[in-house]
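Student: Please find upload_30.txt (compact mmCIF, C-alpha atoms and all ligand atoms) on the next line:
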```txt
# COMPACT_ATOMS: atom_id res chain seq x y z
CA MET A 1 15.79 -18.40 6.57
CA ALA A 2 14.68 -15.65 4.17
CA LYS A 3 11.54 -13.78 5.17
CA LEU A 4 8.46 -13.73 2.94
CA ALA A 5 6.69 -10.43 2.24
CA LEU A 6 3.29 -10.14 0.57
CA ILE A 7 2.89 -6.81 -1.24
CA THR A 8 -0.47 -5.80 -2.71
CA GLY A 9 -0.65 -3.43 -5.67
CA ALA A 10 2.90 -4.43 -6.63
CA THR A 11 2.72 -3.76 -10.37
CA ALA A 12 3.70 -0.06 -10.19
CA GLY A 13 4.51 2.91 -7.97
CA ILE A 14 5.20 2.41 -4.27
CA GLY A 15 4.31 -1.30 -4.45
CA PHE A 16 6.81 -2.03 -7.24
CA SER A 17 9.57 0.06 -5.63
CA THR A 18 9.01 -1.75 -2.34
CA ALA A 19 9.19 -5.11 -4.11
CA LYS A 20 12.51 -4.12 -5.71
CA LEU A 21 13.99 -2.89 -2.43
CA LEU A 22 12.85 -5.87 -0.36
CA ALA A 23 14.16 -8.22 -3.06
CA ALA A 24 17.55 -6.50 -2.92
CA ASN A 25 17.46 -7.02 0.85
CA GLY A 26 16.91 -10.76 0.60
CA TYR A 27 13.13 -11.04 1.09
CA ASN A 28 11.18 -13.66 -0.82
CA LEU A 29 8.08 -12.07 -2.28
CA LEU A 30 4.44 -12.79 -2.96
CA LEU A 31 3.28 -10.00 -5.26
CA THR A 32 -0.29 -9.22 -6.18
CA GLY A 33 -2.03 -6.80 -8.49
CA ARG A 34 -4.50 -6.79 -11.35
CA ARG A 35 -2.06 -6.90 -14.30
CA GLU A 36 -1.05 -10.53 -14.74
CA GLU A 37 1.49 -9.96 -17.54
CA ARG A 38 3.19 -7.15 -15.62
CA LEU A 39 3.44 -9.37 -12.53
CA ARG A 40 5.09 -12.09 -14.62
CA GLN A 41 7.66 -9.57 -15.96
CA ILE A 42 8.40 -8.35 -12.43
CA LYS A 43 8.90 -11.91 -11.20
CA GLN A 44 11.36 -12.55 -14.03
CA GLN A 45 13.25 -9.31 -13.41
CA LEU A 46 13.51 -9.64 -9.63
CA GLU A 47 14.50 -13.32 -9.71
CA ALA A 48 17.18 -12.55 -12.32
CA GLU A 49 18.60 -9.67 -10.28
CA ASN A 50 18.43 -11.28 -6.81
CA SER A 51 18.81 -14.71 -5.23
CA ILE A 52 15.23 -14.85 -4.03
CA GLN A 53 11.91 -16.48 -4.90
CA VAL A 54 9.05 -14.39 -6.25
CA HIS A 55 5.48 -15.71 -6.33
CA VAL A 56 2.86 -13.72 -8.18
CA ASP A 57 -0.93 -13.88 -8.29
CA SER A 58 -3.25 -11.50 -10.10
CA PHE A 59 -6.71 -10.73 -8.75
CA ASP A 60 -8.95 -7.79 -7.94
CA ILE A 61 -8.52 -6.85 -4.28
CA SER A 62 -11.75 -4.83 -4.34
CA VAL A 63 -13.79 -8.05 -4.61
CA ARG A 64 -14.05 -10.00 -1.36
CA GLN A 65 -14.49 -13.40 -3.03
CA GLU A 66 -11.33 -12.81 -5.09
CA CYS A 67 -9.37 -12.07 -1.89
CA GLU A 68 -10.69 -15.29 -0.37
CA SER A 69 -9.82 -17.36 -3.47
CA PHE A 70 -6.31 -15.84 -3.51
CA ILE A 71 -5.77 -17.10 0.03
CA THR A 72 -7.06 -20.57 -0.82
CA ARG A 73 -4.85 -20.78 -3.95
CA ASN A 74 -1.72 -19.66 -2.06
CA LYS A 75 -2.17 -21.50 1.26
CA THR A 76 1.13 -23.35 1.02
CA THR A 77 3.18 -20.25 0.16
CA LEU A 78 1.42 -18.20 2.82
CA GLU A 79 2.51 -20.66 5.54
CA GLY A 80 5.84 -18.79 5.63
CA LEU A 81 4.39 -15.25 5.65
CA ASN A 82 6.25 -12.71 7.83
CA VAL A 83 5.39 -9.34 6.31
CA LEU A 84 2.20 -7.92 4.80
CA VAL A 85 2.51 -4.63 2.92
CA ASN A 86 -1.04 -3.37 2.32
CA ASN A 87 -0.18 -1.03 -0.51
CA ALA A 88 -3.04 -1.34 -3.03
CA GLY A 89 -5.15 1.79 -3.03
CA LEU A 90 -6.39 4.54 -5.28
CA ALA A 91 -8.13 7.90 -5.50
CA LYS A 92 -10.86 8.56 -8.06
CA GLY A 93 -12.11 12.04 -8.81
CA VAL A 94 -11.85 15.38 -7.06
CA ASP A 95 -15.53 16.32 -7.30
CA PRO A 96 -17.24 17.84 -4.29
CA ILE A 97 -19.35 15.40 -2.28
CA GLN A 98 -22.62 16.86 -3.57
CA SER A 99 -21.78 16.06 -7.20
CA ALA A 100 -19.31 13.16 -6.97
CA LYS A 101 -19.85 9.90 -8.83
CA LEU A 102 -20.97 7.00 -6.65
CA ASP A 103 -18.93 4.65 -8.85
CA ASP A 104 -15.78 6.55 -7.83
CA TRP A 105 -16.69 6.27 -4.16
CA GLU A 106 -17.45 2.58 -4.48
CA SER A 107 -14.12 1.91 -6.14
CA MET A 108 -12.18 3.77 -3.39
CA LEU A 109 -14.16 2.22 -0.55
CA ASP A 110 -13.91 -1.29 -1.98
CA THR A 111 -10.15 -1.07 -2.58
CA ASN A 112 -8.75 1.22 0.12
CA VAL A 113 -11.02 0.11 2.94
CA LYS A 114 -12.61 -3.28 2.31
CA GLY A 115 -9.69 -4.68 0.29
CA LEU A 116 -7.14 -3.68 2.92
CA PHE A 117 -9.33 -4.85 5.84
CA PHE A 118 -10.20 -8.21 4.24
CA MET A 119 -6.62 -8.96 3.14
CA THR A 120 -5.35 -8.21 6.65
CA ARG A 121 -7.97 -10.41 8.29
CA LEU A 122 -7.36 -13.23 5.82
CA CYS A 123 -3.54 -13.08 6.22
CA LEU A 124 -3.55 -12.87 10.03
CA PRO A 125 -3.79 -16.63 10.68
CA PHE A 126 -0.50 -16.99 8.74
CA LEU A 127 1.17 -13.90 10.25
CA GLU A 128 0.30 -15.09 13.75
CA LYS A 129 2.30 -18.27 13.17
CA SER A 130 5.58 -16.43 12.48
CA ILE A 131 7.61 -14.78 15.19
CA GLY A 132 8.01 -11.03 14.71
CA SER A 133 5.51 -10.53 11.89
CA HIS A 134 4.94 -7.01 10.63
CA ILE A 135 1.97 -5.36 8.88
CA ILE A 136 2.70 -2.17 6.95
CA ASN A 137 -0.33 -0.15 5.90
CA VAL A 138 0.39 2.35 3.14
CA SER A 139 -2.01 5.12 4.05
CA SER A 140 -1.60 8.83 3.24
CA VAL A 141 -1.49 12.29 4.76
CA ALA A 142 -5.14 12.15 3.64
CA GLY A 143 -5.55 9.83 6.64
CA GLN A 144 -4.57 12.69 8.93
CA TRP A 145 -6.03 15.75 7.23
CA VAL A 146 -8.95 16.49 4.89
CA TYR A 147 -9.02 18.80 1.87
CA PRO A 148 -11.76 20.02 -0.52
CA GLY A 149 -12.68 17.49 -3.19
CA GLY A 150 -11.01 14.73 -1.17
CA GLY A 151 -13.76 14.01 1.36
CA VAL A 152 -14.25 10.37 0.49
CA TYR A 153 -10.62 9.54 -0.39
CA CYS A 154 -9.60 11.13 2.93
CA SER A 155 -12.34 9.13 4.70
CA THR A 156 -10.92 5.89 3.31
CA LYS A 157 -7.43 6.78 4.54
CA HIS A 158 -8.76 7.89 7.96
CA ALA A 159 -10.35 4.42 8.08
CA VAL A 160 -6.92 2.87 7.46
CA SER A 161 -5.55 4.90 10.39
CA ALA A 162 -8.33 3.73 12.71
CA PHE A 163 -7.88 0.14 11.51
CA SER A 164 -4.12 0.29 12.19
CA GLN A 165 -4.79 1.52 15.73
CA GLY A 166 -7.42 -1.17 16.32
CA LEU A 167 -5.09 -3.85 14.97
CA ARG A 168 -2.32 -2.82 17.37
CA MET A 169 -4.75 -3.10 20.27
CA ASP A 170 -6.24 -6.44 19.25
CA LEU A 171 -2.79 -7.92 18.50
CA HIS A 172 -1.30 -6.47 21.68
CA GLY A 173 1.06 -8.97 23.33
CA LYS A 174 1.46 -11.12 20.23
CA GLY A 175 4.67 -9.44 19.03
CA ILE A 176 3.16 -8.40 15.69
CA ARG A 177 4.12 -4.88 14.66
CA VAL A 178 1.77 -2.55 12.76
CA THR A 179 3.12 0.49 10.93
CA ASN A 180 0.98 3.14 9.24
CA ILE A 181 2.87 5.05 6.55
CA CYS A 182 1.40 8.42 5.54
CA PRO A 183 3.02 9.98 2.47
CA GLY A 184 2.17 13.36 0.96
CA LEU A 185 2.66 13.99 -2.77
CA VAL A 186 4.44 11.03 -4.40
CA GLU A 187 4.85 11.02 -8.16
CA THR A 188 3.33 7.76 -9.42
CA GLU A 189 0.32 6.84 -11.56
CA PHE A 190 -1.80 8.02 -8.61
CA SER A 191 -2.81 11.40 -10.07
CA LYS A 192 -3.41 9.94 -13.55
CA VAL A 193 -5.89 7.51 -12.03
CA ARG A 194 -7.45 10.16 -9.81
CA LEU A 195 -7.86 12.83 -12.50
CA ASN A 196 -8.19 10.55 -15.53
CA ASP A 197 -6.20 13.18 -17.46
CA ASP A 198 -2.43 12.90 -18.04
CA ILE A 199 -1.87 16.65 -18.54
CA LYS A 200 -3.70 17.61 -15.36
CA ALA A 201 -1.87 14.83 -13.52
CA GLU A 202 1.52 16.28 -14.55
CA GLU A 203 0.45 19.68 -13.20
CA VAL A 204 0.05 18.22 -9.71
CA TYR A 205 3.84 17.83 -9.49
CA LYS A 206 4.83 20.82 -11.64
CA GLY A 207 7.46 23.23 -10.26
CA MET A 208 8.00 21.21 -7.06
CA SER A 209 9.99 18.15 -6.07
CA PRO A 210 7.55 15.41 -5.09
CA LEU A 211 8.47 12.30 -3.16
CA THR A 212 9.43 9.29 -5.25
CA PRO A 213 8.08 5.77 -4.73
CA GLU A 214 11.66 4.83 -3.78
CA ASP A 215 11.50 7.30 -0.86
CA ILE A 216 8.47 5.49 0.53
CA ALA A 217 9.95 2.06 -0.12
CA ALA A 218 13.00 3.16 1.91
CA SER A 219 10.78 4.14 4.83
CA ILE A 220 9.02 0.76 4.67
CA LEU A 221 12.34 -1.11 4.70
CA TRP A 222 13.62 1.05 7.55
CA SER A 223 10.50 0.27 9.63
CA LEU A 224 11.00 -3.44 8.98
CA GLN A 225 14.68 -3.24 9.93
CA GLN A 226 14.11 -1.81 13.41
CA PRO A 227 14.75 -4.21 16.29
CA GLN A 228 11.75 -6.35 17.25
CA HIS A 229 11.08 -4.28 20.40
CA VAL A 230 10.68 -1.10 18.29
CA ASN A 231 7.40 -0.48 16.47
CA ILE A 232 7.23 2.56 14.22
CA GLN A 233 3.50 3.18 14.63
CA GLU A 234 3.07 6.14 12.27
CA MET A 235 5.30 7.79 9.73
CA THR A 236 4.22 11.05 8.08
CA ILE A 237 6.38 11.95 5.09
CA PHE A 238 5.90 15.14 3.09
CA PRO A 239 8.11 16.45 0.31
CA THR A 240 10.18 19.41 1.54
CA ASP A 241 8.15 21.53 -0.91
CA GLN A 242 4.86 20.55 0.76
CA ALA A 243 4.23 22.04 4.20
CA SER A 244 0.67 20.69 4.55
CA VAL A 245 -1.95 19.03 2.36
CA ASN A 246 -2.91 22.39 0.88
CA LEU A 247 0.41 24.24 0.91
CA VAL A 248 2.81 23.38 -1.90
CA HIS A 249 5.81 25.56 -2.84
CA ARG A 250 6.27 25.79 -6.62
CA THR A 251 8.86 27.64 -8.67
C1 LIG B 1 -1.89 10.96 -1.70
C2 LIG B 1 -1.49 12.26 -1.09
O1 LIG B 1 -2.05 14.71 -0.70
O2 LIG B 1 -2.97 13.68 -2.73
O3 LIG B 1 -2.46 10.10 -0.82
O4 LIG B 1 -3.89 13.13 -0.58
S1 LIG B 1 -2.67 13.47 -1.29
```
Any chance you could give the structure as structure tokens?

Tutor:
Amino acid sequence: MAKLALITGATAGIGFSTAKLLAANGYNLLLTGRREERLRQIKQQLEAENSIQVHVDSFDISVRQECESFITRNKTTLEGLNVLVNNAGLAKGVDPIQSAKLDDWESMLDTNVKGLFFMTRLCLPFLEKSIGSHIINVSSVAGQWVYPGGGVYCSTKHAVSAFSQGLRMDLHGKGIRVTNICPGLVETEFSKVRLNDDIKAEEVYKGMSPLTPEDIAASILWSLQQPQHVNIQEMTIFPTDQASVNLVHRT
């Protein structure tokens, strides 16, 4: 029977690329995000291109009650859940901590930390029913290192790392795998959202070859495809042109 994967933040970037790749590999999908119309288009596209079923549901993952209502609305579909890809996340601002906007912090904390934690907790009763379930947390190299102007974004991703470790311990013996994926620079809408300036966002990737969302989707699929006794706990993926969070080679 085809496996069912729930992907959060599936309307663009890594989430959308992962949806496309899993669809091409025979997964049924439950896709979430905030843009309802975009989700409907994706459903149409992926069902036309693949022999799979795509369910979509739009809601705001940063609001706990919306996460809870999503689960209630989708109880029947979720009964067959095998894979949870916690992809939704964002960075807002690059201001130093002493002058940063609290609204930016709240948005990152509510989405990257609370949204991911709540969705995981709410999906676990379903994941525990399937044999060989797998949780993929899309974190960041910001979950391993910290850089100036990224104090709070990096804190949220460090929290994802700690949560992934705690999950593995609490689920120990249940056969549920937990993979924490930590990409460096990936060219998506990420920098546009973070900097709120399209020109500055383009400069982030100028003169270097960033990762693509397809690169990260491939690493997610590869983790899922490993035999059940193999759990890829952490994957750190930098572009060849990026040696560390602060060291980028540009031509
Ligand atoms: C995105 C990568 O290096 O901008 O999570 O923090 S980085």

Student: As a quick test: using all atoms listed in the file, which residues lie no more than 8 Å away from ligand LIG 1 (chain B)? Give them as a ChimeraX atom specification.

Tutor: /A:91,139-142,150,153-154,182-186,190-191,245-246

Student: Calculate how many Å separate CA of Met235 (chain A) from CA of Ile61 (chain A), rounding to one decimal.

Tutor: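 Spanning CA of Met235 (chain A) to CA of Ile61 (chain A) is a straight-line distance of 24.5 Å.
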
Student: Which protein, DNA or RNA residues have an atom at most 12 Å from (-5.7, 2.9, 10.3), counting all atoms listed in the file? List them as an NGL selection string.

Tutor: :A and (86 or 112-113 or 116-117 or 120 or 135-144 or 154-169 or 178-182 or 233-234)

Student: For the residues selected in the previous step, produce a file with C-alpha atoms as a PDB file, keeping the file's coordinate frame.

Tutor:
```pdb
ATOM      1  CA  ASN A  86      -1.040  -3.370   2.320  1.00  0.00           C
ATOM      2  CA  ASN A 112      -8.750   1.220   0.120  1.00  0.00           C
ATOM      3  CA  VAL A 113     -11.020   0.110   2.940  1.00  0.00           C
ATOM      4  CA  LEU A 116      -7.140  -3.680   2.920  1.00  0.00           C
ATOM      5  CA  PHE A 117      -9.330  -4.850   5.840  1.00  0.00           C
ATOM      6  CA  THR A 120      -5.350  -8.210   6.650  1.00  0.00           C
ATOM      7  CA  ILE A 135       1.970  -5.360   8.880  1.00  0.00           C
ATOM      8  CA  ILE A 136       2.700  -2.170   6.950  1.00  0.00           C
ATOM      9  CA  ASN A 137      -0.330  -0.150   5.900  1.00  0.00           C
ATOM     10  CA  VAL A 138       0.390   2.350   3.140  1.00  0.00           C
ATOM     11  CA  SER A 139      -2.010   5.120   4.050  1.00  0.00           C
ATOM     12  CA  SER A 140      -1.600   8.830   3.240  1.00  0.00           C
ATOM     13  CA  VAL A 141      -1.490  12.290   4.760  1.00  0.00           C
ATOM     14  CA  ALA A 142      -5.140  12.150   3.640  1.00  0.00           C
ATOM     15  CA  GLY A 143      -5.550   9.830   6.640  1.00  0.00           C
ATOM     16  CA  GLN A 144      -4.570  12.690   8.930  1.00  0.00           C
ATOM     17  CA  CYS A 154      -9.600  11.130   2.930  1.00  0.00           C
ATOM     18  CA  SER A 155     -12.340   9.130   4.700  1.00  0.00           C
ATOM     19  CA  THR A 156     -10.920   5.890   3.310  1.00  0.00           C
ATOM     20  CA  LYS A 157      -7.430   6.780   4.540  1.00  0.00           C
ATOM     21  CA  HIS A 158      -8.760   7.890   7.960  1.00  0.00           C
ATOM     22  CA  ALA A 159     -10.350   4.420   8.080  1.00  0.00           C
ATOM     23  CA  VAL A 160      -6.920   2.870   7.460  1.00  0.00           C
ATOM     24  CA  SER A 161      -5.550   4.900  10.390  1.00  0.00           C
ATOM     25  CA  ALA A 162      -8.330   3.730  12.710  1.00  0.00           C
ATOM     26  CA  PHE A 163      -7.880   0.140  11.510  1.00  0.00           C
ATOM     27  CA  SER A 164      -4.120   0.290  12.190  1.00  0.00           C
ATOM     28  CA  GLN A 165      -4.790   1.520  15.730  1.00  0.00           C
ATOM     29  CA  GLY A 166      -7.420  -1.170  16.320  1.00  0.00           C
ATOM     30  CA  LEU A 167      -5.090  -3.850  14.970  1.00  0.00           C
ATOM     31  CA  ARG A 168      -2.320  -2.820  17.370  1.00  0.00           C
ATOM     32  CA  MET A 169      -4.750  -3.100  20.270  1.00  0.00           C
ATOM     33  CA  VAL A 178       1.770  -2.550  12.760  1.00  0.00           C
ATOM     34  CA  THR A 179       3.120   0.490  10.930  1.00  0.00           C
ATOM     35  CA  ASN A 180       0.980   3.140   9.240  1.00  0.00           C
ATOM     36  CA  ILE A 181       2.870   5.050   6.550  1.00  0.00           C
ATOM     37  CA  CYS A 182       1.400   8.420   5.540  1.00  0.00           C
ATOM     38  CA  GLN A 233       3.500   3.180  14.630  1.00  0.00           C
ATOM     39  CA  GLU A 234       3.070   6.140  12.270  1.00  0.00           C
TER      40      GLU A 234
END
```

Student: What's around Ser51 (chain A) at 9 Å? Count only C-alpha atoms, leave out sequence neighbours fewer than 5 positions away in its own chain, and write the answer as a VMD selection string.

Tutor: chain A and resid 23 to 24 26 28 46

Student: When you look at region 5-21 of chain A with a cut-off of 7 Å (counting all atoms listed in the file), what residues show up, excluding the ones that are within fewer than 6 positions of it in the same chain? I need them as a list in words.

Tutor: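 Returned residues: Tyr27, Asn28, Leu29, Leu30, Leu31, Thr32, Gly33, Arg35, Arg38, Leu39, Leu46, Leu81, Asn82, Val83, Leu84, Val85, Asn86, Asn87, Ala88, Thr188, Glu189, Pro213, Glu214, Ile216 and Ala217 of chain A.
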
Student: May I ask for the distance between CA of Cys67 (chain A) and CA of Pro125 (chain A), given in Å to one decimal place?

Tutor: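 Atom-to-atom, CA of Cys67 (chain A) and CA of Pro125 (chain A) are spaced 14.5 Å apart.
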
Student: Smallest atom-to-atom distance to Met1 (chain A): which of A:Arg194, A:Leu90, A:Asp104, A:Ser130, using only C-alpha atoms?

Tutor: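 The closest residue to Met1 (chain A) is A:Ser130.
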
Student: Could you work out how far CA of Pro239 (chain A) lies from CA of Val204 (chain A), giving the answer in Å with one decimal?

Tutor: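 Interatomic distance here is 13.0 Å.
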
Student: Go through A:Phe126, A:Tyr147, A:Trp222, A:Phe70 one by one, measure the shortest atom-to-atom distance of each to Ser244 (chain A) using only C-alpha atoms, and give the residue with the smallest value.

Tutor: A:Tyr147

Student: With 9 Å as the threshold, what does the neighbourhood of (-8.2, -12.0, -0.8) contain in terms of residues, counting all atoms listed in the file? Coordinates are those of the file; answer as a PyMOL selection string.

Tutor: chain A and resi 59-72+115+118-120+122-123

Student: Taking all atoms of region 63-78 of chain A that the file lists and extending 3 Å past them on each side, where is the centre of the axis-aligned box and how long are its edges? Answer in Å to one decimal, as AutoDock Vina command-line options.

Tutor:
```
--center_x -5.7 --center_y -15.7 --center_z -1.1 --size_x 23.7 --size_y 21.3 --size_z 13.9
```

Student: Return the single residue from A:Ala48, A:Val54, A:Ile176, A:Val193 that is closest to Ser107 (chain A), with distances computed using all atoms listed in the file.

Tutor: A:Val193
